[in-house]
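Take a look at the structure set out below.
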Amino acid sequence: VQLQASGGGLVQTGGSLRLSCAASGRTSDPNAFGWFRQSPGKDREFVAVVSWNGKNRYIVNSLKGRFTISRVNAKNTVYLQMNSLKPEDTAVYYCAASTRDYSAIYDYTKIIDYASWGEGTLVTVSS
């Protein structure tokens, strides 16, 4: 599966952005689609994951209440809605697809579980 992320940009503190991740190719292979982010000088970290059918979702605890993830199967697209953005949310955001077969959605948090990655989209939050 090929992934294309978009929707990044420059936003002021408190603003919102919606990132999109469009999948093409073997879109029925993945069991889950995730979002990760990487800030300058930091390791890539898990943000959120959604199951292939959009029914199960998990957001990292520190972002719950501000970020939501969703999937529209008809569009083969995964979305990351980001609200109340803070300067510390500044990062390159990556979408990824996993073919692992975990029983729980919250098991899909490790980078190593994702074989397909899109190019990142830069989100910059100004103070």
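Chain lettering (A, B, ...) mirrors the order of the structure tokens, residue numbering begins at 1 for each chain separately, and ligand numbering begins at 1 in order of display.
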Subject >> Residue list (strand (DSSP E or B), DSSP) for stretch 28-99 of chain A, as an NGL selection string >> reply: :A and (32-38 or 45-51 or 57-59 or 64 or 67-72 or 77-82 or 91-98)
**OP:** Considering only C-alpha atoms, return as number ranges by chain whatever protein or nucleic-acid residues lie within 10 Å of stretch 51-56 of chain A, sequence-local ones (same chain, fewer than 3 positions apart) excluded.
**Re:** A: 27-34, 69-73, 76, 78, 97-99, 104-106, 108
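In this comparison, which uses only C-alpha atoms, the residue of A:Trp35, A:Ala23, A:Leu10, A:Ser127 approaching A:Lys86 most closely is A:Ser127.
A straight line drawn from atom CA of A:Ala48 to atom CA of A:Ser20 is 13.1 Å long.
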**OP:** Please give the complete set of residues from stretch 79-127 of chain A that DSSP, run on the backbone, assigns to helix (DSSP H, G or I), formatted as a PyMOL selection string.
**Re:** chain A and resi 87-89+105-107+111-113
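Checking A:Glu119, A:Tyr114, A:Ser39, A:Pro87 one by one against A:Arg100, counting only C-alpha atoms, you find the shortest gap at A:Tyr114.
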So which residues touch A:Gln4 within 9 Å, counting only C-alpha atoms, skipping near sequence neighbours fewer than 4 positions away, as a PDB file with all heavy atoms, in the first residue's frame?
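Dumped to result_27.pdb:
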```pdb
ATOM      1  N   SER A  20      -4.654  14.571   6.314  1.00  0.00           N
ATOM      2  CA  SER A  20      -5.238  13.468   5.556  1.00  0.00           C
ATOM      3  C   SER A  20      -4.150  12.513   5.137  1.00  0.00           C
ATOM      4  O   SER A  20      -3.014  12.912   4.875  1.00  0.00           O
ATOM      5  CB  SER A  20      -5.945  14.004   4.309  1.00  0.00           C
ATOM      6  OG  SER A  20      -6.989  14.889   4.641  1.00  0.00           O
ATOM      7  N   CYS A  21      -4.517  11.254   5.052  1.00  0.00           N
ATOM      8  CA  CYS A  21      -3.594  10.225   4.584  1.00  0.00           C
ATOM      9  C   CYS A  21      -4.364   9.365   3.583  1.00  0.00           C
ATOM     10  O   CYS A  21      -5.238   8.587   3.965  1.00  0.00           O
ATOM     11  CB  CYS A  21      -3.085   9.378   5.738  1.00  0.00           C
ATOM     12  SG  CYS A  21      -2.018   8.004   5.237  1.00  0.00           S
ATOM     13  N   ALA A  22      -4.027   9.538   2.318  1.00  0.00           N
ATOM     14  CA  ALA A  22      -4.710   8.807   1.257  1.00  0.00           C
ATOM     15  C   ALA A  22      -3.929   7.542   0.920  1.00  0.00           C
ATOM     16  O   ALA A  22      -2.717   7.600   0.691  1.00  0.00           O
ATOM     17  CB  ALA A  22      -4.849   9.682   0.022  1.00  0.00           C
ATOM     18  N   ALA A  23      -4.635   6.429   0.903  1.00  0.00           N
ATOM     19  CA  ALA A  23      -4.010   5.145   0.596  1.00  0.00           C
ATOM     20  C   ALA A  23      -4.348   4.721  -0.818  1.00  0.00           C
ATOM     21  O   ALA A  23      -5.453   4.957  -1.307  1.00  0.00           O
ATOM     22  CB  ALA A  23      -4.479   4.090   1.590  1.00  0.00           C
ATOM     23  N   SER A  24      -3.391   4.076  -1.455  1.00  0.00           N
ATOM     24  CA  SER A  24      -3.606   3.535  -2.788  1.00  0.00           C
ATOM     25  C   SER A  24      -2.887   2.192  -2.891  1.00  0.00           C
ATOM     26  O   SER A  24      -2.062   1.853  -2.052  1.00  0.00           O
ATOM     27  CB  SER A  24      -3.108   4.502  -3.861  1.00  0.00           C
ATOM     28  OG  SER A  24      -1.726   4.750  -3.705  1.00  0.00           O
ATOM     29  N   CYS A  95       1.953   9.253   8.300  1.00  0.00           N
ATOM     30  CA  CYS A  95       0.964   8.186   8.393  1.00  0.00           C
ATOM     31  C   CYS A  95       1.626   6.877   7.982  1.00  0.00           C
ATOM     32  O   CYS A  95       2.590   6.872   7.211  1.00  0.00           O
ATOM     33  CB  CYS A  95      -0.264   8.476   7.548  1.00  0.00           C
ATOM     34  SG  CYS A  95       0.020   8.624   5.789  1.00  0.00           S
ATOM     35  N   TRP A 117       4.987   3.479   4.950  1.00  0.00           N
ATOM     36  CA  TRP A 117       5.014   4.840   5.462  1.00  0.00           C
ATOM     37  C   TRP A 117       4.844   5.832   4.332  1.00  0.00           C
ATOM     38  O   TRP A 117       5.358   5.629   3.237  1.00  0.00           O
ATOM     39  CB  TRP A 117       6.346   5.125   6.159  1.00  0.00           C
ATOM     40  CG  TRP A 117       6.520   4.361   7.429  1.00  0.00           C
ATOM     41  CD1 TRP A 117       6.933   3.066   7.555  1.00  0.00           C
ATOM     42  CD2 TRP A 117       6.287   4.846   8.750  1.00  0.00           C
ATOM     43  NE1 TRP A 117       6.969   2.709   8.890  1.00  0.00           N
ATOM     44  CE2 TRP A 117       6.582   3.793   9.637  1.00  0.00           C
ATOM     45  CE3 TRP A 117       5.863   6.062   9.283  1.00  0.00           C
ATOM     46  CZ2 TRP A 117       6.461   3.917  11.025  1.00  0.00           C
ATOM     47  CZ3 TRP A 117       5.745   6.193  10.654  1.00  0.00           C
ATOM     48  CH2 TRP A 117       6.035   5.122  11.507  1.00  0.00           C
ATOM     49  N   GLY A 118       4.124   6.891   4.626  1.00  0.00           N
ATOM     50  CA  GLY A 118       4.036   7.979   3.683  1.00  0.00           C
ATOM     51  C   GLY A 118       5.090   9.025   3.990  1.00  0.00           C
ATOM     52  O   GLY A 118       5.720   8.997   5.052  1.00  0.00           O
ATOM     53  N   GLU A 119       5.282   9.927   3.059  1.00  0.00           N
ATOM     54  CA  GLU A 119       6.152  11.059   3.343  1.00  0.00           C
ATOM     55  C   GLU A 119       5.442  11.955   4.350  1.00  0.00           C
ATOM     56  O   GLU A 119       4.238  12.076   4.337  1.00  0.00           O
ATOM     57  CB  GLU A 119       6.457  11.826   2.060  1.00  0.00           C
ATOM     58  CG  GLU A 119       7.300  11.040   1.078  1.00  0.00           C
ATOM     59  CD  GLU A 119       7.738  11.882  -0.109  1.00  0.00           C
ATOM     60  OE1 GLU A 119       7.455  13.089  -0.118  1.00  0.00           O
ATOM     61  OE2 GLU A 119       8.347  11.321  -1.023  1.00  0.00           O
ATOM     62  N   GLY A 120       6.189  12.561   5.185  1.00  0.00           N
ATOM     63  CA  GLY A 120       5.599  13.360   6.243  1.00  0.00           C
ATOM     64  C   GLY A 120       5.031  14.678   5.761  1.00  0.00           C
ATOM     65  O   GLY A 120       5.338  15.161   4.668  1.00  0.00           O
TER      66      GLY A 120
END
```
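Atom CA of A:Ser116 to atom CA of A:Phe36 spans 12.4 Å [interatomic distance, one decimal].
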Subject >> Spatial neighbours of A:Arg66, 7 Å, only C-alpha atoms, chain gap at least 4 places, as a ChimeraX atom specification >> reply: /A:82-84
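Distances here use only C-alpha atoms; by that measure, the residue among A:Gln2, A:Thr68, A:Asn61, A:Thr90 closest to A:Gly41 is A:Thr90.
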Subject >> Nearest to A:Thr121, chosen from A:Leu85, A:Lys42, A:Tyr102, A:Ala91, with only C-alpha atoms counted in the distances >> reply: A:Ala91
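Remark: for A:Ala5, the closest of the candidate residues A:Leu63, A:Ala96, A:Asp89, A:Gly25 is A:Ala96 (distances computed over only C-alpha atoms).
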